[in-house]
$ cat run.pdb   # PDB, C-alpha atoms (C1' of nucleotides)
ATOM      1  CA  MET A   1      -5.024 -39.150 -48.604
ATOM      2  CA  PRO A   2      -1.632 -39.777 -47.196
ATOM      3  CA  GLU A   3       0.454 -42.770 -48.133
ATOM      4  CA  LEU A   4       4.058 -43.284 -47.134
ATOM      5  CA  PRO A   5       5.584 -40.297 -48.992
ATOM      6  CA  GLU A   6       2.919 -37.911 -47.690
ATOM      7  CA  VAL A   7       3.210 -39.057 -44.068
ATOM      8  CA  GLU A   8       6.991 -38.870 -44.352
ATOM      9  CA  THR A   9       6.690 -35.283 -45.615
ATOM     10  CA  ILE A  10       4.343 -34.384 -42.764
ATOM     11  CA  ARG A  11       6.812 -35.963 -40.343
ATOM     12  CA  ARG A  12       9.737 -33.960 -41.735
ATOM     13  CA  THR A  13       7.904 -30.646 -41.781
ATOM     14  CA  LEU A  14       6.633 -31.049 -38.216
ATOM     15  CA  ALA A  15      10.055 -32.203 -37.012
ATOM     16  CA  LYS A  16      11.468 -28.898 -38.278
ATOM     17  CA  HIS A  17       9.285 -26.816 -35.959
ATOM     18  CA  LEU A  18       7.860 -28.772 -33.061
ATOM     19  CA  PRO A  19      10.584 -30.459 -31.007
ATOM     20  CA  GLY A  20      10.789 -28.536 -27.721
ATOM     21  CA  ARG A  21       7.379 -26.893 -28.158
ATOM     22  CA  LYS A  22       5.165 -27.301 -25.103
ATOM     23  CA  ILE A  23       1.467 -28.213 -25.155
ATOM     24  CA  GLU A  24      -0.498 -25.821 -22.978
ATOM     25  CA  GLU A  25      -4.027 -26.944 -23.802
ATOM     26  CA  VAL A  26      -5.851 -29.327 -26.111
ATOM     27  CA  GLU A  27      -9.269 -28.512 -27.509
ATOM     28  CA  ILE A  28     -11.228 -31.554 -28.658
ATOM     29  CA  ARG A  29     -14.305 -30.862 -30.753
ATOM     30  CA  LEU A  30     -14.822 -34.374 -32.097
ATOM     31  CA  PRO A  31     -14.295 -36.832 -29.239
ATOM     32  CA  LYS A  32     -14.576 -39.984 -31.369
ATOM     33  CA  LEU A  33     -11.232 -39.218 -33.027
ATOM     34  CA  VAL A  34      -9.142 -39.591 -29.879
ATOM     35  CA  SER A  35      -8.269 -42.245 -27.394
ATOM     36  CA  PRO A  36      -8.199 -42.507 -24.477
ATOM     37  CA  GLU A  37     -11.367 -40.487 -23.883
ATOM     38  CA  PRO A  38     -11.033 -36.686 -24.224
ATOM     39  CA  GLU A  39     -10.621 -35.766 -20.545
ATOM     40  CA  ARG A  40      -7.787 -38.177 -20.028
ATOM     41  CA  PHE A  41      -6.274 -37.368 -23.442
ATOM     42  CA  GLN A  42      -6.174 -33.688 -22.479
ATOM     43  CA  ALA A  43      -4.864 -34.248 -18.981
ATOM     44  CA  LEU A  44      -2.059 -36.483 -20.188
ATOM     45  CA  LEU A  45      -0.929 -34.053 -22.882
ATOM     46  CA  ARG A  46      -1.135 -30.849 -20.883
ATOM     47  CA  GLY A  47       2.391 -29.700 -20.001
ATOM     48  CA  GLN A  48       4.089 -32.245 -22.250
ATOM     49  CA  SER A  49       6.503 -31.115 -24.949
ATOM     50  CA  PHE A  50       7.264 -32.628 -28.328
ATOM     51  CA  SER A  51      10.389 -34.701 -28.568
ATOM     52  CA  SER A  52      10.915 -36.660 -31.818
ATOM     53  CA  PHE A  53       8.826 -37.545 -34.861
ATOM     54  CA  GLU A  54       8.865 -41.019 -36.386
ATOM     55  CA  ARG A  55       6.885 -42.880 -39.038
ATOM     56  CA  ARG A  56       5.923 -46.512 -39.645
ATOM     57  CA  GLY A  57       4.090 -47.163 -42.892
ATOM     58  CA  LYS A  58       1.337 -44.547 -42.995
ATOM     59  CA  LEU A  59       1.400 -44.018 -39.229
ATOM     60  CA  LEU A  60       2.941 -40.935 -37.628
ATOM     61  CA  MET A  61       4.429 -41.414 -34.152
ATOM     62  CA  ILE A  62       5.013 -38.318 -32.042
ATOM     63  CA  HIS A  63       7.191 -38.849 -28.998
ATOM     64  CA  LEU A  64       6.666 -36.808 -25.846
ATOM     65  CA  GLN A  65       7.882 -37.598 -22.309
ATOM     66  CA  GLY A  66       7.295 -41.308 -21.858
ATOM     67  CA  LEU A  67       4.237 -41.098 -24.108
ATOM     68  CA  VAL A  68       3.691 -41.477 -27.828
ATOM     69  CA  LEU A  69       0.901 -39.890 -29.825
ATOM     70  CA  LEU A  70      -0.033 -42.118 -32.764
ATOM     71  CA  VAL A  71      -1.702 -40.312 -35.656
ATOM     72  CA  HIS A  72      -3.338 -42.101 -38.571
ATOM     73  CA  PHE A  73      -4.639 -39.741 -41.257
ATOM     74  CA  ARG A  74      -6.690 -42.352 -43.131
ATOM     75  CA  LEU A  75      -8.113 -40.501 -46.158
ATOM     76  CA  THR A  76      -8.390 -36.822 -45.310
ATOM     77  CA  GLY A  77      -6.557 -36.119 -42.053
ATOM     78  CA  GLN A  78      -4.214 -33.122 -41.829
ATOM     79  CA  LEU A  79      -1.840 -31.995 -39.095
ATOM     80  CA  ILE A  80      -0.820 -28.387 -39.623
ATOM     81  CA  TYR A  81       1.436 -26.210 -37.505
ATOM     82  CA  ALA A  82       0.684 -22.482 -37.401
ATOM     83  CA  PRO A  83       3.483 -20.544 -35.693
ATOM     84  CA  GLN A  84       1.632 -17.247 -36.105
ATOM     85  CA  PRO A  85      -2.044 -16.506 -35.426
ATOM     86  CA  GLN A  86      -3.991 -17.544 -38.507
ATOM     87  CA  GLU A  87      -7.393 -18.785 -39.501
ATOM     88  CA  GLU A  88      -7.810 -22.451 -38.705
ATOM     89  CA  PRO A  89      -8.184 -24.933 -41.568
ATOM     90  CA  PRO A  90     -11.704 -26.105 -42.533
ATOM     91  CA  TYR A  91     -12.859 -29.232 -40.640
ATOM     92  CA  THR A  92     -10.554 -28.605 -37.696
ATOM     93  CA  HIS A  93     -11.473 -31.062 -34.933
ATOM     94  CA  LEU A  94      -8.521 -30.681 -32.545
ATOM     95  CA  VAL A  95      -6.475 -27.654 -31.572
ATOM     96  CA  PHE A  96      -3.248 -27.974 -29.610
ATOM     97  CA  GLN A  97      -2.383 -24.649 -27.956
ATOM     98  CA  LEU A  98       1.409 -24.502 -27.740
ATOM     99  CA  ASP A  99       3.814 -22.172 -25.995
ATOM    100  CA  GLN A 100       4.463 -20.834 -29.488
ATOM    101  CA  GLY A 101       1.692 -21.148 -32.043
ATOM    102  CA  ARG A 102      -0.977 -23.809 -32.520
ATOM    103  CA  LEU A 103      -1.171 -27.265 -34.060
ATOM    104  CA  PHE A 104      -4.406 -28.149 -35.875
ATOM    105  CA  TYR A 105      -5.789 -31.581 -36.646
ATOM    106  CA  ALA A 106      -8.336 -31.271 -39.466
ATOM    107  CA  ASP A 107     -10.185 -34.129 -41.154
ATOM    108  CA  LEU A 108     -12.999 -33.698 -43.652
ATOM    109  CA  ARG A 109     -14.220 -37.285 -43.558
ATOM    110  CA  GLN A 110     -13.480 -37.881 -39.892
ATOM    111  CA  PHE A 111     -11.897 -41.292 -40.495
ATOM    112  CA  GLY A 112      -8.511 -40.535 -38.941
ATOM    113  CA  TRP A 113      -7.548 -41.269 -35.341
ATOM    114  CA  LEU A 114      -5.149 -40.089 -32.665
ATOM    115  CA  GLU A 115      -4.153 -42.437 -29.884
ATOM    116  CA  LEU A 116      -2.001 -41.625 -26.902
ATOM    117  CA  ILE A 117      -0.123 -44.556 -25.399
ATOM    118  CA  PRO A 118       2.808 -45.143 -23.051
ATOM    119  CA  GLU A 119       6.094 -45.407 -24.890
ATOM    120  CA  ALA A 120       6.533 -48.876 -23.403
ATOM    121  CA  ALA A 121       3.344 -50.030 -25.146
ATOM    122  CA  LEU A 122       4.581 -49.119 -28.638
ATOM    123  CA  ALA A 123       5.994 -52.489 -29.613
ATOM    124  CA  SER A 124       2.860 -54.359 -28.588
ATOM    125  CA  HIS A 125       0.354 -51.918 -30.092
ATOM    126  CA  PRO A 126      -2.133 -53.925 -32.189
ATOM    127  CA  PHE A 127      -1.888 -51.681 -35.247
ATOM    128  CA  LEU A 128       1.891 -51.372 -35.243
ATOM    129  CA  ARG A 129       2.449 -55.018 -34.439
ATOM    130  CA  ARG A 130       0.684 -56.134 -37.592
ATOM    131  CA  LEU A 131       2.521 -53.822 -39.999
ATOM    132  CA  GLY A 132       4.780 -55.409 -42.589
ATOM    133  CA  PRO A 133       8.281 -54.131 -43.369
ATOM    134  CA  GLU A 134       9.155 -50.631 -44.542
ATOM    135  CA  PRO A 135       9.503 -50.747 -48.342
ATOM    136  CA  LEU A 136      12.540 -48.452 -48.352
ATOM    137  CA  GLU A 137      14.368 -50.697 -45.892
ATOM    138  CA  LEU A 138      13.454 -53.955 -47.559
ATOM    139  CA  PRO A 139      16.225 -55.878 -49.331
ATOM    140  CA  PHE A 140      15.223 -57.395 -52.669
ATOM    141  CA  GLU A 141      15.611 -60.952 -51.378
ATOM    142  CA  ASP A 142      13.032 -60.337 -48.650
ATOM    143  CA  PHE A 143      10.685 -58.612 -51.083
ATOM    144  CA  TYR A 144      10.958 -61.553 -53.486
ATOM    145  CA  ARG A 145       9.938 -63.885 -50.670
ATOM    146  CA  LEU A 146       6.848 -61.771 -49.963
ATOM    147  CA  LEU A 147       5.761 -62.267 -53.565
ATOM    148  CA  GLN A 148       5.581 -66.042 -53.303
ATOM    149  CA  ARG A 149       1.856 -66.083 -52.709
ATOM    150  CA  ARG A 150      -1.168 -66.865 -54.791
ATOM    151  CA  ARG A 151      -2.586 -63.368 -54.698
ATOM    152  CA  ARG A 152      -3.106 -60.532 -57.157
ATOM    153  CA  LEU A 153      -0.365 -57.916 -57.128
ATOM    154  CA  LYS A 154      -2.768 -55.075 -56.452
ATOM    155  CA  ALA A 155      -4.201 -56.741 -53.340
ATOM    156  CA  LEU A 156      -0.806 -57.915 -52.116
ATOM    157  CA  LEU A 157       0.910 -54.540 -52.366
ATOM    158  CA  LEU A 158      -2.024 -52.765 -50.712
ATOM    159  CA  ASP A 159      -1.928 -55.153 -47.761
ATOM    160  CA  GLN A 160      -0.203 -53.273 -44.925
ATOM    161  CA  GLU A 161       0.638 -56.561 -43.211
ATOM    162  CA  VAL A 162       2.704 -57.576 -46.237
ATOM    163  CA  ILE A 163       4.453 -54.251 -46.846
ATOM    164  CA  ALA A 164       3.681 -51.040 -44.973
ATOM    165  CA  GLY A 165       3.078 -47.702 -46.633
ATOM    166  CA  LEU A 166       1.913 -48.226 -50.213
ATOM    167  CA  GLY A 167      -1.640 -47.094 -50.973
ATOM    168  CA  ASN A 168      -3.834 -46.838 -54.029
ATOM    169  CA  ILE A 169      -1.824 -44.143 -55.821
ATOM    170  CA  TYR A 170       1.613 -45.633 -55.396
ATOM    171  CA  VAL A 171       0.529 -49.189 -56.152
ATOM    172  CA  ASP A 172      -0.973 -48.097 -59.484
ATOM    173  CA  GLU A 173       2.027 -45.928 -60.338
ATOM    174  CA  THR A 174       4.590 -48.614 -59.506
ATOM    175  CA  LEU A 175       2.746 -51.413 -61.328
ATOM    176  CA  PHE A 176       2.553 -49.271 -64.453
ATOM    177  CA  ARG A 177       6.250 -48.411 -64.331
ATOM    178  CA  ALA A 178       7.107 -52.073 -63.778
ATOM    179  CA  GLY A 179       4.882 -53.113 -66.707
ATOM    180  CA  LEU A 180       2.892 -55.484 -64.494
ATOM    181  CA  HIS A 181      -0.875 -56.033 -64.621
ATOM    182  CA  PRO A 182      -2.599 -55.376 -61.285
ATOM    183  CA  GLU A 183      -4.388 -58.746 -61.502
ATOM    184  CA  ARG A 184      -1.231 -60.712 -62.151
ATOM    185  CA  GLN A 185      -0.671 -63.425 -59.539
ATOM    186  CA  ALA A 186       2.305 -62.412 -57.421
ATOM    187  CA  HIS A 187       3.937 -65.835 -57.348
ATOM    188  CA  THR A 188       4.104 -66.007 -61.144
ATOM    189  CA  LEU A 189       6.630 -63.172 -61.427
ATOM    190  CA  SER A 190      10.062 -64.100 -62.708
ATOM    191  CA  GLU A 191      12.970 -62.979 -60.582
ATOM    192  CA  ALA A 192      13.745 -60.303 -63.171
ATOM    193  CA  GLU A 193      10.170 -58.989 -63.048
ATOM    194  CA  ALA A 194      10.256 -58.974 -59.266
ATOM    195  CA  ARG A 195      13.535 -57.096 -59.267
ATOM    196  CA  LYS A 196      12.109 -54.501 -61.638
ATOM    197  CA  LEU A 197       9.080 -54.046 -59.382
ATOM    198  CA  TRP A 198      11.295 -53.730 -56.307
ATOM    199  CA  GLN A 199      13.480 -51.123 -58.014
ATOM    200  CA  VAL A 200      10.482 -49.137 -59.211
ATOM    201  CA  ILE A 201       8.998 -49.081 -55.695
ATOM    202  CA  GLN A 202      12.296 -47.701 -54.358
ATOM    203  CA  ASP A 203      12.498 -45.061 -57.096
ATOM    204  CA  VAL A 204       8.871 -43.926 -56.991
ATOM    205  CA  LEU A 205       8.736 -43.618 -53.205
ATOM    206  CA  GLN A 206      12.018 -41.740 -53.055
ATOM    207  CA  GLU A 207      11.041 -39.390 -55.852
ATOM    208  CA  ALA A 208       7.631 -38.824 -54.257
ATOM    209  CA  ILE A 209       9.283 -37.949 -50.945
ATOM    210  CA  ARG A 210      11.705 -35.638 -52.738
ATOM    211  CA  THR A 211       8.798 -33.800 -54.362
ATOM    212  CA  ARG A 212       6.888 -33.700 -51.059
ATOM    213  CA  GLY A 213       4.087 -36.112 -51.887
ATOM    214  CA  SER A 214       1.022 -36.193 -54.135
ATOM    215  CA  SER A 215      -1.694 -33.569 -53.705
ATOM    216  CA  VAL A 216      -4.532 -34.880 -55.839
ATOM    217  CA  ARG A 217      -7.349 -33.902 -53.521
ATOM    218  CA  ASN A 218      -6.667 -32.235 -50.214
ATOM    219  CA  TYR A 219      -3.274 -33.397 -48.997
ATOM    220  CA  VAL A 220      -0.979 -30.768 -47.468
ATOM    221  CA  ASP A 221       2.113 -31.188 -45.304
ATOM    222  CA  GLY A 222       2.741 -30.028 -41.732
ATOM    223  CA  GLU A 223       3.158 -26.456 -42.929
ATOM    224  CA  GLY A 224      -0.023 -26.513 -45.008
ATOM    225  CA  VAL A 225       1.926 -26.798 -48.289
ATOM    226  CA  GLU A 226       0.912 -29.069 -51.182
ATOM    227  CA  GLY A 227       3.201 -31.648 -52.783
ATOM    228  CA  THR A 228       3.963 -31.905 -56.492
ATOM    229  CA  PHE A 229       4.427 -35.602 -57.252
ATOM    230  CA  GLN A 230       0.963 -35.669 -58.854
ATOM    231  CA  GLU A 231       2.648 -33.929 -61.793
ATOM    232  CA  GLN A 232       4.611 -37.115 -62.330
ATOM    233  CA  HIS A 233       1.662 -39.492 -62.107
ATOM    234  CA  LEU A 234       1.459 -41.578 -65.259
ATOM    235  CA  VAL A 235      -1.819 -43.460 -64.734
ATOM    236  CA  TYR A 236      -3.484 -42.611 -61.423
ATOM    237  CA  ASN A 237      -6.655 -40.599 -61.989
ATOM    238  CA  LYS A 238      -6.060 -40.677 -65.761
ATOM    239  CA  ARG A 239      -8.881 -42.832 -67.029
ATOM    240  CA  GLN A 240      -9.111 -42.691 -70.855
ATOM    241  CA  ALA A 241      -5.970 -40.552 -71.171
ATOM    242  CA  PRO A 242      -3.424 -41.921 -73.670
ATOM    243  CA  CYS A 243      -0.898 -44.289 -72.130
ATOM    244  CA  PRO A 244       2.460 -42.472 -71.990
ATOM    245  CA  LYS A 245       4.180 -45.541 -73.434
ATOM    246  CA  CYS A 246       1.821 -46.845 -76.147
ATOM    247  CA  GLY A 247      -0.917 -44.236 -76.575
ATOM    248  CA  GLN A 248      -3.789 -46.618 -75.866
ATOM    249  CA  PRO A 249      -6.392 -45.273 -73.421
ATOM    250  CA  ILE A 250      -5.706 -45.883 -69.736
ATOM    251  CA  ALA A 251      -8.220 -48.385 -68.344
ATOM    252  CA  TYR A 252     -10.147 -48.133 -65.098
ATOM    253  CA  ALA A 253     -11.496 -51.099 -63.151
ATOM    254  CA  LYS A 254     -12.395 -52.094 -59.634
ATOM    255  CA  ILE A 255      -9.643 -54.449 -58.501
ATOM    256  CA  ALA A 256      -9.250 -55.687 -54.950
ATOM    257  CA  GLY A 257     -12.053 -53.310 -54.043
ATOM    258  CA  ARG A 258     -10.211 -50.209 -55.214
ATOM    259  CA  GLY A 259     -10.455 -48.031 -58.292
ATOM    260  CA  THR A 260      -7.482 -49.082 -60.405
ATOM    261  CA  TYR A 261      -5.822 -47.320 -63.331
ATOM    262  CA  PHE A 262      -3.619 -49.272 -65.731
ATOM    263  CA  CYS A 263      -2.651 -49.843 -69.333
ATOM    264  CA  PRO A 264      -3.993 -53.226 -70.485
ATOM    265  CA  ARG A 265      -1.437 -53.270 -73.297
ATOM    266  CA  CYS A 266       1.743 -52.291 -71.428
ATOM    267  CA  GLN A 267       0.965 -54.117 -68.188
ATOM    268  CA  ARG A 268       1.040 -57.919 -68.344
TER     269      ARG A 268
ATOM    270  C1'  DG B   1     -12.466 -62.345 -52.157
ATOM    271  C1'  DA B   2     -16.492 -59.110 -52.075
ATOM    272  C1'  DC B   3     -18.934 -55.679 -49.648
ATOM    273  C1'  DA B   4     -20.594 -52.535 -46.193
ATOM    274  C1'  DA B   5     -19.371 -49.416 -42.773
ATOM    275  C1'  DC B   6     -17.325 -45.143 -40.962
ATOM    276  C1'  DC B   7     -18.179 -39.417 -43.108
ATOM    277  C1'  DT B   8     -18.376 -35.322 -46.306
ATOM    278  C1'  DG B   9     -17.941 -33.376 -50.685
ATOM    279  C1'  DA B  10     -17.090 -33.187 -55.806
ATOM    280  C1'  DC B  11     -18.619 -34.285 -60.107
ATOM    281  C1'  DC B  12     -21.757 -36.161 -63.964
TER     282       DC B  12
ATOM    283  C1'  DG C   1     -30.197 -38.850 -58.499
ATOM    284  C1'  DG C   2     -25.889 -41.801 -58.735
ATOM    285  C1'  DT C   3     -20.808 -42.633 -58.363
ATOM    286  C1'  DC C   4     -16.498 -41.840 -56.707
ATOM    287  C1'  DA C   5     -12.706 -40.553 -53.277
ATOM    288  C1'  DG C   6      -5.302 -41.110 -50.963
ATOM    289  C1'  DG C   7      -7.789 -46.268 -45.591
ATOM    290  C1'  DT C   8      -8.955 -49.748 -42.527
ATOM    291  C1'  DT C   9     -11.984 -53.068 -40.225
ATOM    292  C1'  DG C  10     -15.559 -56.294 -39.694
ATOM    293  C1'  DT C  11     -18.920 -59.449 -41.826
ATOM    294  C1'  DC C  12     -20.280 -63.043 -44.820
TER     295       DC C  12
END
$ encode --input "run.pdb" --output "structure tokens"
Amino acid sequence: MPELPEVETIRRTLAKHLPGRKIEEVEIRLPKLVSPEPERFQALLRGQSFSSFERRGKLLMIHLQGLVLLVHFRLTGQLIYAPQPQEEPPYTHLVFQLDQGRLFYADLRQFGWLELIPEAALASHPFLRRLGPEPLELPFEDFYRLLQRRRRLKALLLDQEVIAGLGNIYVDETLFRAGLHPERQAHTLSEAEARKLWQVIQDVLQEAIRTRGSSVRNYVDGEGVEGTFQEQHLVYNKRQAPCPKCGQPIAYAKIAGRGTYFCPRCQR
DNA sequence: GACAACCTGACC
DNA sequence: GGTCAGGTTGTC
């Protein structure tokens, strides 16, 4: 589900409500999602209050007092704040009872994870340590250097160690807008092609954040609200639809292990 | 690089 | 029944 724009939207919506809110109790119904083990997870969080909300790639980082709660949503994770009593979302696995309202973690496919670590351990955390640069803070010159590898664009851009935050939707959408074939070898791009790709990544991510992310399946933000960037998708999930540029049918193929949508005529 | 694994559900 | 799904990790 959530790629960079979605996690950023979740971060912003939670940051509107939660700083200062105190955790009174944590209910854990699916122990495998949390670390350390549930008893310790609960004990550490009880009495803590939310401080600031940060993001790295697709990872949400929630600061408390000397601790950080890392949340990775994987495909179907949701973190939803309910200020007033309300029915909990389907597939709720964690409930944080707060001094005002509740925070739900729901996850249909149960692939997400929440890990509580000391703030001092952030920099050396194995997941964070391996993440590549933030695409929206990446100068073109650095991006161009990342492309100098013998690897297909689709695989390269999906690799979180190369660049952190793009997922299947945004890779397909940016490659289409840049007119680049997903199987094109990255190192064969001219500087002009690379610059176009860099610019398109900036534009698409910013526009997707502005429109609060893509809700194609079950993504909602920290208030339970859907995004609208899916209305601006040009190829993702549009197999056989006419290409918006040339009218030829959009192709679908498995590339780098992922379902990939592209126009074989416009993308070279 | 390909593929299976982790889960549940939607769709053909 | 089969295939696919916004992610990541481990195995060959």
$ closest_atom_pairs --input "run.pdb" --of "chain A" --to "chain B" --cutoff "7 Å" --atoms "all atoms listed in the file" --output "CSV"
residue,atom,partner,partner_atom,distance
A:Leu108,CA,B:DT8,C1',6.2
A:Arg109,CA,B:DC7,C1',4.5
A:Gln110,CA,B:DC7,C1',5.9
A:Phe111,CA,B:DC6,C1',6.7
$ residues_around --input "run.pdb" --residues "DA5 of chain C" --least-positions-apart "3" --cutoff "10 Å" --atoms "only C-alpha atoms (C1' of nucleotides)" --output "mmCIF file with C-alpha atoms (C1' of nucleotides), in the coordinates of the input"
data_model
loop_
_atom_site.group_PDB
_atom_site.id
_atom_site.type_symbol
_atom_site.label_atom_id
_atom_site.label_comp_id
_atom_site.auth_asym_id
_atom_site.auth_seq_id
_atom_site.Cartn_x
_atom_site.Cartn_y
_atom_site.Cartn_z
ATOM 1 C CA MET A 1 -5.024 -39.150 -48.604
ATOM 2 C CA LEU A 75 -8.113 -40.501 -46.158
ATOM 3 C CA THR A 76 -8.390 -36.822 -45.310
ATOM 4 C CA ARG A 217 -7.349 -33.902 -53.521
ATOM 5 C CA GLY A 259 -10.455 -48.031 -58.292
ATOM 6 C "C1'" DG B 9 -17.941 -33.376 -50.685
ATOM 7 C "C1'" DA B 10 -17.090 -33.187 -55.806
#
$ interface_residues --input "run.pdb" --of "chain A" --to "chain C" --cutoff "10 Å" --atoms "all atoms listed in the file" --output "PyMOL selection string"
chain A and resi 1-3+6+58+72-76+111-112+160+167-170+214-219+259
$ resolve_selection --input "run.pdb" --expression "the PyMOL selection byres ((chain A and resi 256) around 7)" --output "list of chain:residue names"
A:Lys154, A:Ala155, A:Lys254, A:Ile255, A:Gly257, A:Arg258
$ resolve_selection --input "run.pdb" --expression "the PyMOL selection byres ((chain A and resi 204) around 10)" --output "VMD selection string"
chain A and resid 5 170 to 171 173 to 174 177 199 to 203 205 to 210 229 232 to 233
$ closest_residue --input "run.pdb" --among "A:Arg268, A:Gly247, A:Pro90, A:Ala121" --to "Leu189 of chain A" --atoms "all atoms listed in the file"
A:Arg268
$ resolve_selection --input "run.pdb" --expression "the PyMOL selection byres ((chain A and resi 240) around 9)" --output "NGL selection string"
:A and (238-239 or 241-243 or 248-252)
$ atom_distance --input "run.pdb" --atom1 "atom CA of Leu14 of chain A" --atom2 "atom CA of His63 of chain A"
12.1 Å
$ atom_distance --input "run.pdb" --atom1 "atom CA of Ile28 of chain A" --atom2 "atom CA of Phe104 of chain A"
10.5 Å
$ atom_distance --input "run.pdb" --atom1 "atom CA of Pro118 of chain A" --atom2 "atom CA of Val220 of chain A"
28.6 Å
